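J.: Please find one structure pasted underneath; my questions will follow.
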Amino acid sequence: MNQAETKRRQAEAFSDILMLITISIIGKHIGDEGIAYLAVAAESCALLWIALSGCLSDALGRLLRSRKNKGQYRNSRKMQNSVIVFQAAAGLVGSLLLLLAASGIAKAFKMPHSGLILMVLSPVVLLRSVSAVLTGCFQGEGSEFPRAVSGILRQIFLCGFGVLFGHILGSYGEKVSSLLRQKDVVYMYGGMGVAIGIVLAELLVLLFLGLIYKVSRNSEKRARQEGMYSTDSVWECIGFLHNSRWPQLMTEFLLFLPVVLGLLFLTRSAEDEGGMALEYGLYAGKYLVVCGVCAALIFIAVLPTIGKVFLSFKREETRFARMVFQSGAHICLVHGVFLAVFIAVMSGQMAGLLSEANAGEVAKMLQGGSAVVAFVALSGYFGRLLHVVGKRYQILTAACAADTLFLVVVLPTMGKIGGLSLVYGGVAGAAVFCVLLGALSFRQMRAKVDWLGSLAVPLGAGGVAGLICLLMGKLLSPQLGNLVMLLVAFAVSGAVYWVLLLLLRNFKEQELEAISGGRLIGMLGQLLRVYR
């Protein structure tokens, strides 16, 4: 994984943060129930898109680079053309299937009004399928920039158009609802507005990518006239592509499947549609947003470490690669422990800030599920490393185990505790996924876990930081308010946490050279006279 790919993946993680923030913003316009109605359509659409075009860009980029390195320029061009036509046809079929099956899918989720939202959203499968091929072509040229920029532009367009059309159609839906005396009509119209915004965002991103593709194709036309003649047929090109991407595709599919199954189980077990929609809206629009943003921030911070590990492997510096790997796991756990403890202890203030009307329910979710931040961040770190070294089948096996435990936890408890079962099931599945990937990673790197320095000390320091947050919340929260209280508690507890880690010499000087932010930590250590 070179520096360009590292920056692209950081940009993708940043776009994920923008997406989660957009969900939170949209939820304020269409309501938590509207988020649930929209989720039925969006998750169904996303699941089909993953099946058709998931991980296609990476797989196509690898194949194109391989052919170009061998001088097979015409063969490379034939693969591009074949894949574009095939994926456009597959995306069109997928969009038509969603359009025709929208009503049945909505009824399966016991949200019949979501069918119209899914109909509006169905063209996204076609648009995203073609976009995935174009970004794969750019990656085949060695350029990660278009994919990184398109991901950020997608979220910016989505936020603007989603809020705009969600507000316009939501206001119209309120008038219709007052006439029909059906409250769920408001959520349907609001969700349709957001769906229109999503389609427009995807269309603009596709136009952006298509323009760049047209320019790059004209500039390279002369170079492609040289080299070997094409030897692969159209179906051979398609077969090579799908054979190379299926392990990663299945992993992505399995990791997303619990999100869809959780919504399906919740809707099937609930008797009150309105109460169920509110509960899932709080889960998706509040709990997942908070935990997802925190996990993505940690992943952005540790991604460069994976690049350093890979570079050390290429240089055959095995010992240094092992040290860098252990340092990355350590700093990832340090960040994850603090954020998980902070979210759990300050859940009341966060819930009050996010949703005053349903603060109690949101607080329970944050308290019970904050540990998912550390597990997801570590899983991303270990999984990315294993993917780089080619251990894709091991990642797929770990994803199967995580899904199995998720079902074991969720199915018996869904009827008793509702949405909280999704929280507990997610934590259990993420924990198993993290442990399995961690064990495989340490075995691959032939490294040993430093249980005291990497786990016990951060947990102890996190406990002290949590006690400080708890005391400050009890004493100062009524006077300061939720937002100010969160900022003050984060600053004070964070300072105590890092000072404790440094005083306990939790970081070795070699580690500080390998991790992001190591210089800043070293400067703080020098101020405390921990390091010379």
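Chain labels A, B, ... are given in the sequence in which chains occur in the structure tokens; within each chain residues are numbered consecutively from 1, and ligands are likewise numbered from 1 in the order shown.
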Hey, what's within 7 Å of Val362 in chain A if we count only C-alpha atoms and toss same-chain stuff fewer than 4 positions away? As a PyMOL selection string, please?

T.: chain A and resi 282+287+351+358+366

J.: Which residues are close to range 291-295 of chain A, i.e. within 7 Å by only C-alpha atoms, leaving aside same-chain residues fewer than 3 positions away? Reply as an MDAnalysis selection string.

T.: chainID A and resid 17 20 287:288 298:299 370 373:374 376:377

J.: Quick one: residues within 10 Å of range 396-411 of chain A, only C-alpha atoms counted, chain neighbours fewer than 6 positions away excluded, as an mmCIF file with all heavy atoms, in the first residue's frame?

T.:
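Result file is result.cif:
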```
data_model
loop_
_atom_site.group_PDB
_atom_site.id
_atom_site.type_symbol
_atom_site.label_atom_id
_atom_site.label_comp_id
_atom_site.auth_asym_id
_atom_site.auth_seq_id
_atom_site.Cartn_x
_atom_site.Cartn_y
_atom_site.Cartn_z
ATOM 1 N N PRO A 247 -13.559 -12.908 -3.073
ATOM 2 C CA PRO A 247 -13.352 -13.008 -1.609
ATOM 3 C C PRO A 247 -13.579 -11.676 -0.896
ATOM 4 O O PRO A 247 -14.231 -11.623 0.154
ATOM 5 C CB PRO A 247 -11.888 -13.465 -1.495
ATOM 6 C CG PRO A 247 -11.551 -14.049 -2.815
ATOM 7 C CD PRO A 247 -12.335 -13.264 -3.800
ATOM 8 N N GLN A 248 -13.059 -10.595 -1.468
ATOM 9 C CA GLN A 248 -13.254 -9.286 -0.863
ATOM 10 C C GLN A 248 -14.713 -8.863 -0.954
ATOM 11 O O GLN A 248 -15.253 -8.237 -0.029
ATOM 12 C CB GLN A 248 -12.362 -8.260 -1.570
ATOM 13 C CG GLN A 248 -12.300 -6.904 -0.872
ATOM 14 C CD GLN A 248 -11.358 -5.946 -1.578
ATOM 15 O OE1 GLN A 248 -10.681 -6.325 -2.529
ATOM 16 N NE2 GLN A 248 -11.314 -4.716 -1.120
ATOM 17 N N LEU A 249 -15.368 -9.217 -2.075
ATOM 18 C CA LEU A 249 -16.788 -8.908 -2.229
ATOM 19 C C LEU A 249 -17.627 -9.602 -1.160
ATOM 20 O O LEU A 249 -18.494 -8.980 -0.522
ATOM 21 C CB LEU A 249 -17.252 -9.339 -3.627
ATOM 22 C CG LEU A 249 -18.766 -9.466 -3.841
ATOM 23 C CD1 LEU A 249 -19.427 -8.106 -3.758
ATOM 24 C CD2 LEU A 249 -19.060 -10.121 -5.179
ATOM 25 N N MET A 250 -17.376 -10.879 -0.936
ATOM 26 C CA MET A 250 -18.141 -11.632 0.052
ATOM 27 C C MET A 250 -17.905 -11.087 1.458
ATOM 28 O O MET A 250 -18.817 -11.040 2.285
ATOM 29 C CB MET A 250 -17.762 -13.113 -0.010
ATOM 30 C CG MET A 250 -18.323 -13.839 -1.214
ATOM 31 S SD MET A 250 -20.130 -13.756 -1.306
ATOM 32 C CE MET A 250 -20.593 -14.522 0.249
ATOM 33 N N THR A 251 -16.668 -10.669 1.739
ATOM 34 C CA THR A 251 -16.382 -10.086 3.048
ATOM 35 C C THR A 251 -17.172 -8.807 3.257
ATOM 36 O O THR A 251 -17.795 -8.600 4.310
ATOM 37 C CB THR A 251 -14.874 -9.794 3.184
ATOM 38 O OG1 THR A 251 -14.138 -11.010 3.019
ATOM 39 C CG2 THR A 251 -14.568 -9.190 4.548
ATOM 40 N N GLU A 252 -17.161 -7.923 2.257
ATOM 41 C CA GLU A 252 -17.920 -6.674 2.357
ATOM 42 C C GLU A 252 -19.412 -6.949 2.481
ATOM 43 O O GLU A 252 -20.119 -6.283 3.248
ATOM 44 C CB GLU A 252 -17.642 -5.804 1.131
ATOM 45 C CG GLU A 252 -18.262 -4.419 1.208
ATOM 46 C CD GLU A 252 -17.846 -3.540 0.052
ATOM 47 O OE1 GLU A 252 -16.806 -3.835 -0.584
ATOM 48 O OE2 GLU A 252 -18.546 -2.545 -0.213
ATOM 49 N N PHE A 253 -19.895 -7.936 1.747
ATOM 50 C CA PHE A 253 -21.311 -8.294 1.807
ATOM 51 C C PHE A 253 -21.694 -8.794 3.202
ATOM 52 O O PHE A 253 -22.720 -8.396 3.766
ATOM 53 C CB PHE A 253 -21.605 -9.378 0.760
ATOM 54 C CG PHE A 253 -23.057 -9.732 0.622
ATOM 55 C CD1 PHE A 253 -23.881 -8.996 -0.217
ATOM 56 C CD2 PHE A 253 -23.606 -10.791 1.331
ATOM 57 C CE1 PHE A 253 -25.227 -9.327 -0.356
ATOM 58 C CE2 PHE A 253 -24.945 -11.125 1.207
ATOM 59 C CZ PHE A 253 -25.757 -10.388 0.352
ATOM 60 N N LEU A 254 -20.856 -9.666 3.768
ATOM 61 C CA LEU A 254 -21.147 -10.215 5.094
ATOM 62 C C LEU A 254 -21.055 -9.152 6.187
ATOM 63 O O LEU A 254 -21.804 -9.191 7.165
ATOM 64 C CB LEU A 254 -20.182 -11.360 5.402
ATOM 65 C CG LEU A 254 -20.397 -12.651 4.615
ATOM 66 C CD1 LEU A 254 -19.292 -13.651 4.919
ATOM 67 C CD2 LEU A 254 -21.760 -13.263 4.931
ATOM 68 N N LEU A 255 -20.146 -8.203 6.032
ATOM 69 C CA LEU A 255 -20.011 -7.157 7.047
ATOM 70 C C LEU A 255 -21.185 -6.185 7.009
ATOM 71 O O LEU A 255 -21.535 -5.578 8.026
ATOM 72 C CB LEU A 255 -18.696 -6.400 6.851
ATOM 73 C CG LEU A 255 -17.421 -7.188 7.152
ATOM 74 C CD1 LEU A 255 -16.192 -6.340 6.880
ATOM 75 C CD2 LEU A 255 -17.412 -7.689 8.598
ATOM 76 N N PHE A 256 -21.788 -6.008 5.833
ATOM 77 C CA PHE A 256 -22.945 -5.126 5.737
ATOM 78 C C PHE A 256 -24.253 -5.843 6.043
ATOM 79 O O PHE A 256 -25.242 -5.208 6.434
ATOM 80 C CB PHE A 256 -23.019 -4.519 4.332
ATOM 81 C CG PHE A 256 -24.078 -3.451 4.180
ATOM 82 C CD1 PHE A 256 -23.868 -2.184 4.707
ATOM 83 C CD2 PHE A 256 -25.265 -3.720 3.529
ATOM 84 C CE1 PHE A 256 -24.835 -1.197 4.582
ATOM 85 C CE2 PHE A 256 -26.237 -2.742 3.388
ATOM 86 C CZ PHE A 256 -26.017 -1.476 3.926
ATOM 87 N N LEU A 257 -24.273 -7.158 5.901
ATOM 88 C CA LEU A 257 -25.503 -7.936 6.073
ATOM 89 C C LEU A 257 -26.152 -7.753 7.444
ATOM 90 O O LEU A 257 -27.386 -7.649 7.529
ATOM 91 C CB LEU A 257 -25.213 -9.415 5.801
ATOM 92 C CG LEU A 257 -26.421 -10.349 5.749
ATOM 93 C CD1 LEU A 257 -27.369 -9.934 4.633
ATOM 94 C CD2 LEU A 257 -25.962 -11.794 5.529
ATOM 95 N N PRO A 258 -25.398 -7.718 8.560
ATOM 96 C CA PRO A 258 -26.057 -7.516 9.861
ATOM 97 C C PRO A 258 -26.856 -6.221 9.968
ATOM 98 O O PRO A 258 -27.851 -6.168 10.700
ATOM 99 C CB PRO A 258 -24.882 -7.515 10.854
ATOM 100 C CG PRO A 258 -23.826 -8.308 10.192
ATOM 101 C CD PRO A 258 -23.965 -8.006 8.727
ATOM 102 N N LEU A 261 -30.129 -7.160 8.232
ATOM 103 C CA LEU A 261 -30.856 -8.157 9.019
ATOM 104 C C LEU A 261 -31.357 -7.571 10.339
ATOM 105 O O LEU A 261 -32.452 -7.909 10.800
ATOM 106 C CB LEU A 261 -29.955 -9.362 9.302
ATOM 107 C CG LEU A 261 -29.588 -10.230 8.095
ATOM 108 C CD1 LEU A 261 -28.687 -11.380 8.523
ATOM 109 C CD2 LEU A 261 -30.839 -10.771 7.411
ATOM 110 N N GLY A 262 -30.559 -6.690 10.953
ATOM 111 C CA GLY A 262 -31.000 -6.067 12.199
ATOM 112 C C GLY A 262 -32.274 -5.270 12.007
ATOM 113 O O GLY A 262 -33.207 -5.353 12.828
ATOM 114 N N PHE A 265 -35.183 -7.838 11.389
ATOM 115 C CA PHE A 265 -35.618 -8.504 12.617
ATOM 116 C C PHE A 265 -36.402 -7.559 13.518
ATOM 117 O O PHE A 265 -37.392 -7.949 14.148
ATOM 118 C CB PHE A 265 -34.408 -9.055 13.382
ATOM 119 C CG PHE A 265 -33.682 -10.147 12.651
ATOM 120 C CD1 PHE A 265 -32.324 -10.366 12.867
ATOM 121 C CD2 PHE A 265 -34.335 -10.970 11.744
ATOM 122 C CE1 PHE A 265 -31.650 -11.366 12.193
ATOM 123 C CE2 PHE A 265 -33.669 -11.973 11.062
ATOM 124 C CZ PHE A 265 -32.317 -12.173 11.299
ATOM 125 N N LEU A 266 -35.943 -6.308 13.587
ATOM 126 C CA LEU A 266 -36.618 -5.339 14.454
ATOM 127 C C LEU A 266 -38.024 -5.053 13.951
ATOM 128 O O LEU A 266 -38.980 -4.994 14.738
ATOM 129 C CB LEU A 266 -35.802 -4.053 14.515
ATOM 130 C CG LEU A 266 -36.337 -2.949 15.447
ATOM 131 C CD1 LEU A 266 -36.400 -3.436 16.882
ATOM 132 C CD2 LEU A 266 -35.480 -1.700 15.350
ATOM 133 N N SER A 269 -40.379 -8.104 14.512
ATOM 134 C CA SER A 269 -40.715 -8.439 15.898
ATOM 135 C C SER A 269 -41.567 -7.379 16.576
ATOM 136 O O SER A 269 -42.168 -7.635 17.614
ATOM 137 C CB SER A 269 -39.436 -8.634 16.725
ATOM 138 O OG SER A 269 -38.700 -7.421 16.800
ATOM 139 N N GLY A 383 -7.584 -5.787 9.647
ATOM 140 C CA GLY A 383 -8.116 -6.250 8.368
ATOM 141 C C GLY A 383 -7.385 -5.659 7.186
ATOM 142 O O GLY A 383 -7.112 -6.340 6.194
ATOM 143 N N ILE A 417 -35.782 -6.661 24.327
ATOM 144 C CA ILE A 417 -35.177 -5.334 24.535
ATOM 145 C C ILE A 417 -35.139 -4.496 23.255
ATOM 146 O O ILE A 417 -34.623 -3.387 23.263
ATOM 147 C CB ILE A 417 -33.745 -5.477 25.092
ATOM 148 C CG1 ILE A 417 -32.869 -6.328 24.175
ATOM 149 C CG2 ILE A 417 -33.777 -6.058 26.492
ATOM 150 C CD1 ILE A 417 -31.428 -6.450 24.644
ATOM 151 N N GLY A 418 -35.675 -4.995 22.146
ATOM 152 C CA GLY A 418 -35.811 -4.205 20.936
ATOM 153 C C GLY A 418 -34.488 -3.751 20.345
ATOM 154 O O GLY A 418 -33.572 -4.541 20.107
ATOM 155 N N GLY A 419 -34.380 -2.436 20.137
ATOM 156 C CA GLY A 419 -33.206 -1.877 19.479
ATOM 157 C C GLY A 419 -31.914 -2.101 20.219
ATOM 158 O O GLY A 419 -30.841 -2.127 19.607
ATOM 159 N N LEU A 420 -31.972 -2.266 21.541
ATOM 160 C CA LEU A 420 -30.744 -2.516 22.298
ATOM 161 C C LEU A 420 -30.106 -3.842 21.907
ATOM 162 O O LEU A 420 -28.886 -3.997 22.042
ATOM 163 C CB LEU A 420 -31.035 -2.509 23.795
ATOM 164 C CG LEU A 420 -31.208 -1.138 24.452
ATOM 165 C CD1 LEU A 420 -31.624 -1.289 25.901
ATOM 166 C CD2 LEU A 420 -29.913 -0.329 24.354
ATOM 167 N N SER A 421 -30.907 -4.778 21.423
ATOM 168 C CA SER A 421 -30.329 -6.054 20.994
ATOM 169 C C SER A 421 -29.398 -5.848 19.800
ATOM 170 O O SER A 421 -28.391 -6.547 19.653
ATOM 171 C CB SER A 421 -31.443 -7.041 20.635
ATOM 172 O OG SER A 421 -32.179 -6.581 19.511
ATOM 173 N N LEU A 422 -29.715 -4.868 18.924
ATOM 174 C CA LEU A 422 -28.822 -4.558 17.803
ATOM 175 C C LEU A 422 -27.503 -3.990 18.312
ATOM 176 O O LEU A 422 -26.440 -4.271 17.755
ATOM 177 C CB LEU A 422 -29.493 -3.556 16.867
ATOM 178 C CG LEU A 422 -30.812 -3.977 16.218
ATOM 179 C CD1 LEU A 422 -31.335 -2.870 15.311
ATOM 180 C CD2 LEU A 422 -30.637 -5.265 15.443
ATOM 181 N N VAL A 423 -27.582 -3.195 19.372
ATOM 182 C CA VAL A 423 -26.370 -2.628 19.968
ATOM 183 C C VAL A 423 -25.490 -3.731 20.537
ATOM 184 O O VAL A 423 -24.291 -3.806 20.238
ATOM 185 C CB VAL A 423 -26.733 -1.608 21.058
ATOM 186 C CG1 VAL A 423 -25.477 -1.120 21.776
ATOM 187 C CG2 VAL A 423 -27.499 -0.438 20.463
ATOM 188 N N TYR A 424 -26.081 -4.599 21.357
ATOM 189 C CA TYR A 424 -25.305 -5.679 21.981
ATOM 190 C C TYR A 424 -24.801 -6.678 20.933
ATOM 191 O O TYR A 424 -23.665 -7.166 21.025
ATOM 192 C CB TYR A 424 -26.150 -6.402 23.022
ATOM 193 C CG TYR A 424 -26.614 -5.503 24.141
ATOM 194 C CD1 TYR A 424 -27.864 -5.686 24.743
ATOM 195 C CD2 TYR A 424 -25.820 -4.465 24.604
ATOM 196 C CE1 TYR A 424 -28.301 -4.858 25.771
ATOM 197 C CE2 TYR A 424 -26.246 -3.631 25.624
ATOM 198 C CZ TYR A 424 -27.479 -3.829 26.200
ATOM 199 O OH TYR A 424 -27.915 -3.007 27.213
ATOM 200 N N GLY A 425 -25.640 -6.984 19.942
ATOM 201 C CA GLY A 425 -25.201 -7.888 18.882
ATOM 202 C C GLY A 425 -24.059 -7.312 18.071
ATOM 203 O O GLY A 425 -23.124 -8.028 17.703
ATOM 204 N N GLY A 426 -24.118 -5.997 17.813
ATOM 205 C CA GLY A 426 -23.030 -5.354 17.088
ATOM 206 C C GLY A 426 -21.729 -5.376 17.860
ATOM 207 O O GLY A 426 -20.657 -5.602 17.285
ATOM 208 N N VAL A 427 -21.799 -5.136 19.172
ATOM 209 C CA VAL A 427 -20.594 -5.179 20.000
ATOM 210 C C VAL A 427 -20.001 -6.587 20.014
ATOM 211 O O VAL A 427 -18.780 -6.766 19.873
ATOM 212 C CB VAL A 427 -20.899 -4.705 21.432
ATOM 213 C CG1 VAL A 427 -19.698 -4.932 22.338
ATOM 214 C CG2 VAL A 427 -21.287 -3.233 21.437
ATOM 215 N N ALA A 428 -20.868 -7.594 20.179
ATOM 216 C CA ALA A 428 -20.388 -8.978 20.211
ATOM 217 C C ALA A 428 -19.748 -9.378 18.883
ATOM 218 O O ALA A 428 -18.657 -9.967 18.850
ATOM 219 C CB ALA A 428 -21.545 -9.917 20.544
ATOM 220 N N GLY A 429 -20.421 -9.050 17.769
ATOM 221 C CA GLY A 429 -19.859 -9.390 16.465
ATOM 222 C C GLY A 429 -18.556 -8.668 16.188
ATOM 223 O O GLY A 429 -17.602 -9.267 15.682
ATOM 224 N N ALA A 430 -18.497 -7.371 16.525
ATOM 225 C CA ALA A 430 -17.269 -6.605 16.305
ATOM 226 C C ALA A 430 -16.130 -7.127 17.176
ATOM 227 O O ALA A 430 -14.971 -7.146 16.757
ATOM 228 C CB ALA A 430 -17.517 -5.126 16.595
ATOM 229 N N ALA A 431 -16.455 -7.562 18.406
ATOM 230 C CA ALA A 431 -15.423 -8.088 19.303
ATOM 231 C C ALA A 431 -14.817 -9.374 18.740
ATOM 232 O O ALA A 431 -13.584 -9.544 18.726
ATOM 233 C CB ALA A 431 -16.011 -8.343 20.686
ATOM 234 N N VAL A 432 -15.670 -10.277 18.265
ATOM 235 C CA VAL A 432 -15.169 -11.531 17.687
ATOM 236 C C VAL A 432 -14.342 -11.255 16.435
ATOM 237 O O VAL A 432 -13.257 -11.829 16.239
ATOM 238 C CB VAL A 432 -16.347 -12.471 17.355
ATOM 239 C CG1 VAL A 432 -15.874 -13.634 16.497
ATOM 240 C CG2 VAL A 432 -16.959 -13.006 18.640
ATOM 241 N N PHE A 433 -14.839 -10.368 15.588
ATOM 242 C CA PHE A 433 -14.112 -10.015 14.369
ATOM 243 C C PHE A 433 -12.748 -9.432 14.709
ATOM 244 O O PHE A 433 -11.737 -9.787 14.090
ATOM 245 C CB PHE A 433 -14.954 -9.014 13.577
ATOM 246 C CG PHE A 433 -14.495 -8.803 12.173
ATOM 247 C CD1 PHE A 433 -14.353 -9.866 11.294
ATOM 248 C CD2 PHE A 433 -14.221 -7.526 11.694
ATOM 249 C CE1 PHE A 433 -13.944 -9.676 9.984
ATOM 250 C CE2 PHE A 433 -13.810 -7.317 10.394
ATOM 251 C CZ PHE A 433 -13.663 -8.397 9.539
ATOM 252 N N CYS A 434 -12.715 -8.552 15.705
ATOM 253 C CA CYS A 434 -11.464 -7.917 16.117
ATOM 254 C C CYS A 434 -10.478 -8.935 16.683
ATOM 255 O O CYS A 434 -9.299 -8.932 16.332
ATOM 256 C CB CYS A 434 -11.759 -6.829 17.148
ATOM 257 S SG CYS A 434 -10.300 -6.040 17.851
ATOM 258 N N VAL A 435 -10.953 -9.815 17.539
ATOM 259 C CA VAL A 435 -10.076 -10.802 18.174
ATOM 260 C C VAL A 435 -9.495 -11.758 17.134
ATOM 261 O O VAL A 435 -8.288 -12.069 17.142
ATOM 262 C CB VAL A 435 -10.829 -11.569 19.265
ATOM 263 C CG1 VAL A 435 -10.009 -12.758 19.763
ATOM 264 C CG2 VAL A 435 -11.168 -10.648 20.435
ATOM 265 N N LEU A 436 -10.340 -12.238 16.229
ATOM 266 C CA LEU A 436 -9.870 -13.181 15.211
ATOM 267 C C LEU A 436 -8.855 -12.522 14.273
ATOM 268 O O LEU A 436 -7.801 -13.097 13.974
ATOM 269 C CB LEU A 436 -11.050 -13.720 14.411
ATOM 270 C CG LEU A 436 -12.000 -14.661 15.156
ATOM 271 C CD1 LEU A 436 -13.167 -15.062 14.267
ATOM 272 C CD2 LEU A 436 -11.261 -15.903 15.637
ATOM 273 N N LEU A 437 -9.164 -11.320 13.813
ATOM 274 C CA LEU A 437 -8.223 -10.627 12.930
ATOM 275 C C LEU A 437 -6.936 -10.273 13.666
ATOM 276 O O LEU A 437 -5.842 -10.325 13.089
ATOM 277 C CB LEU A 437 -8.867 -9.353 12.373
ATOM 278 C CG LEU A 437 -10.031 -9.526 11.407
ATOM 279 C CD1 LEU A 437 -10.466 -8.181 10.846
ATOM 280 C CD2 LEU A 437 -9.684 -10.464 10.268
ATOM 281 N N LEU A 440 -4.831 -13.419 13.909
ATOM 282 C CA LEU A 440 -4.230 -13.718 12.611
ATOM 283 C C LEU A 440 -3.108 -12.739 12.270
ATOM 284 O O LEU A 440 -2.079 -13.125 11.709
ATOM 285 C CB LEU A 440 -5.313 -13.665 11.527
ATOM 286 C CG LEU A 440 -6.367 -14.774 11.558
ATOM 287 C CD1 LEU A 440 -7.511 -14.452 10.603
ATOM 288 C CD2 LEU A 440 -5.746 -16.117 11.193
#
```

J.: I'd like the neighbourhood of Leu121 in chain A as a PyMOL selection string, where a residue qualifies if any of its atoms comes within 7 Å (using only C-alpha atoms), though same-chain residues fewer than 4 positions away should be ignored.

T.: chain A and resi 117+195+199

J.: Kindly export the residues of the current selection with N, CA, C and O atoms, as a PDB file, in the first residue's frame.

T.:
```
ATOM      1  N   ILE A 117     -40.053   5.302  -1.681  1.00  0.00           N
ATOM      2  CA  ILE A 117     -38.686   5.800  -1.500  1.00  0.00           C
ATOM      3  C   ILE A 117     -37.704   4.917  -2.269  1.00  0.00           C
ATOM      4  O   ILE A 117     -36.787   5.407  -2.932  1.00  0.00           O
ATOM      5  N   ALA A 195     -34.070  10.809  -1.058  1.00  0.00           N
ATOM      6  CA  ALA A 195     -33.731   9.881  -2.142  1.00  0.00           C
ATOM      7  C   ALA A 195     -33.462  10.623  -3.440  1.00  0.00           C
ATOM      8  O   ALA A 195     -32.538  10.283  -4.195  1.00  0.00           O
ATOM      9  N   VAL A 199     -29.914  10.547  -5.623  1.00  0.00           N
ATOM     10  CA  VAL A 199     -29.816  10.274  -7.063  1.00  0.00           C
ATOM     11  C   VAL A 199     -29.107  11.417  -7.782  1.00  0.00           C
ATOM     12  O   VAL A 199     -28.241  11.192  -8.643  1.00  0.00           O
TER      13      VAL A 199
END
```

J.: Within 8 Å of range 511-525 of chain A, counting only C-alpha atoms, which residues qualify if same-chain residues fewer than 5 places away don't, as an MDAnalysis selection string?

T.: chainID A and resid 301:302 304:305 308 323:324 327:328 331 502 530:531

J.: Please list as a PDB file with C-alpha atoms, in the first residue's frame every residue within 12 Å of range 95-101 of chain A, counting only C-alpha atoms and excluding residues in the same chain fewer than 6 positions away.

T.:
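Okay, this is what ended up in out-v2.pdb:
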```pdb
ATOM      1  CA  ALA A  41     -34.749   1.745   0.948  1.00  0.00           C
ATOM      2  CA  ALA A  42     -31.094   2.760   1.312  1.00  0.00           C
ATOM      3  CA  GLU A  43     -29.955  -0.509   2.892  1.00  0.00           C
ATOM      4  CA  SER A  44     -31.804  -2.616   0.327  1.00  0.00           C
ATOM      5  CA  CYS A  45     -30.247  -0.580  -2.465  1.00  0.00           C
ATOM      6  CA  ALA A  46     -26.767  -0.751  -0.897  1.00  0.00           C
ATOM      7  CA  LEU A  47     -26.952  -4.522  -0.403  1.00  0.00           C
ATOM      8  CA  LEU A  48     -27.795  -5.067  -4.077  1.00  0.00           C
ATOM      9  CA  TRP A  49     -25.083  -2.639  -5.186  1.00  0.00           C
ATOM     10  CA  LEU A  52     -23.150  -6.267  -8.195  1.00  0.00           C
ATOM     11  CA  GLN A  87     -21.568  -3.420 -15.328  1.00  0.00           C
ATOM     12  CA  ALA A  88     -23.870  -0.880 -16.980  1.00  0.00           C
ATOM     13  CA  ALA A  89     -26.131  -3.737 -18.083  1.00  0.00           C
ATOM     14  CA  LYS A 107     -43.931  -4.965   2.948  1.00  0.00           C
ATOM     15  CA  ALA A 108     -41.316  -7.490   4.070  1.00  0.00           C
ATOM     16  CA  PRO A 112     -45.164  -0.212   3.038  1.00  0.00           C
ATOM     17  CA  SER A 114     -40.857   2.853   2.064  1.00  0.00           C
ATOM     18  CA  GLY A 115     -41.679   1.313  -1.291  1.00  0.00           C
ATOM     19  CA  LEU A 116     -42.022   4.702  -3.001  1.00  0.00           C
ATOM     20  CA  ILE A 117     -38.686   5.800  -1.500  1.00  0.00           C
ATOM     21  CA  LEU A 118     -37.024   2.671  -2.896  1.00  0.00           C
ATOM     22  CA  MET A 119     -38.528   3.325  -6.329  1.00  0.00           C
ATOM     23  CA  VAL A 120     -37.013   6.802  -6.366  1.00  0.00           C
ATOM     24  CA  LEU A 121     -33.683   5.453  -5.120  1.00  0.00           C
ATOM     25  CA  SER A 122     -33.428   2.506  -7.546  1.00  0.00           C
ATOM     26  CA  PRO A 123     -31.369   4.337 -10.273  1.00  0.00           C
ATOM     27  CA  VAL A 124     -28.506   4.597  -7.771  1.00  0.00           C
ATOM     28  CA  VAL A 125     -27.554   0.957  -8.462  1.00  0.00           C
ATOM     29  CA  LEU A 126     -26.938   1.756 -12.128  1.00  0.00           C
ATOM     30  CA  LEU A 127     -25.141   5.035 -11.429  1.00  0.00           C
ATOM     31  CA  ARG A 128     -22.865   3.573  -8.757  1.00  0.00           C
ATOM     32  CA  SER A 129     -22.053   0.526 -10.903  1.00  0.00           C
TER      33      SER A 129
END
```

J.: Rounded to one decimal, what separation in Å do you get between CA of Phe86 in chain A and CA of Arg67 in chain A?

T.: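 Interatomic distance, CA of Phe86 in chain A to CA of Arg67 in chain A: 19.6 Å.
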
J.: Could you check how far CA of Val260 in chain A sits from CA of Ala36 in chain A, in Å to one decimal?

T.: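 The value is 11.5 Å.
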
J.: Calculate how many Å separate CA of Ala465 in chain A from CA of Leu501 in chain A, rounding to one decimal.

T.: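 The value is 11.2 Å.
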
J.: Between A:Tyr381, A:Tyr37, A:Phe338, A:Phe145, which is the closest to Ala4 in chain A once you count only C-alpha atoms?

T.: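 Ranked by minimum distance to Ala4 in chain A, first place goes to A:Phe145.
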
J.: Using only C-alpha atoms, find the one residue out of A:Ala270, A:Ala363, A:Ala344, A:Val372 that sits nearest to Gly462 in chain A.

T.: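 The shortest atom-to-atom distance to Gly462 in chain A comes from A:Ala344.
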
J.: Identify which of the residues A:Met350, A:Leu528, A:Val499, A:Ile343 lies closest to Gly481 in chain A, counting only C-alpha atoms when measuring atom-to-atom distances.

T.: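 Closest to Gly481 in chain A, using only C-alpha atoms: A:Met350.
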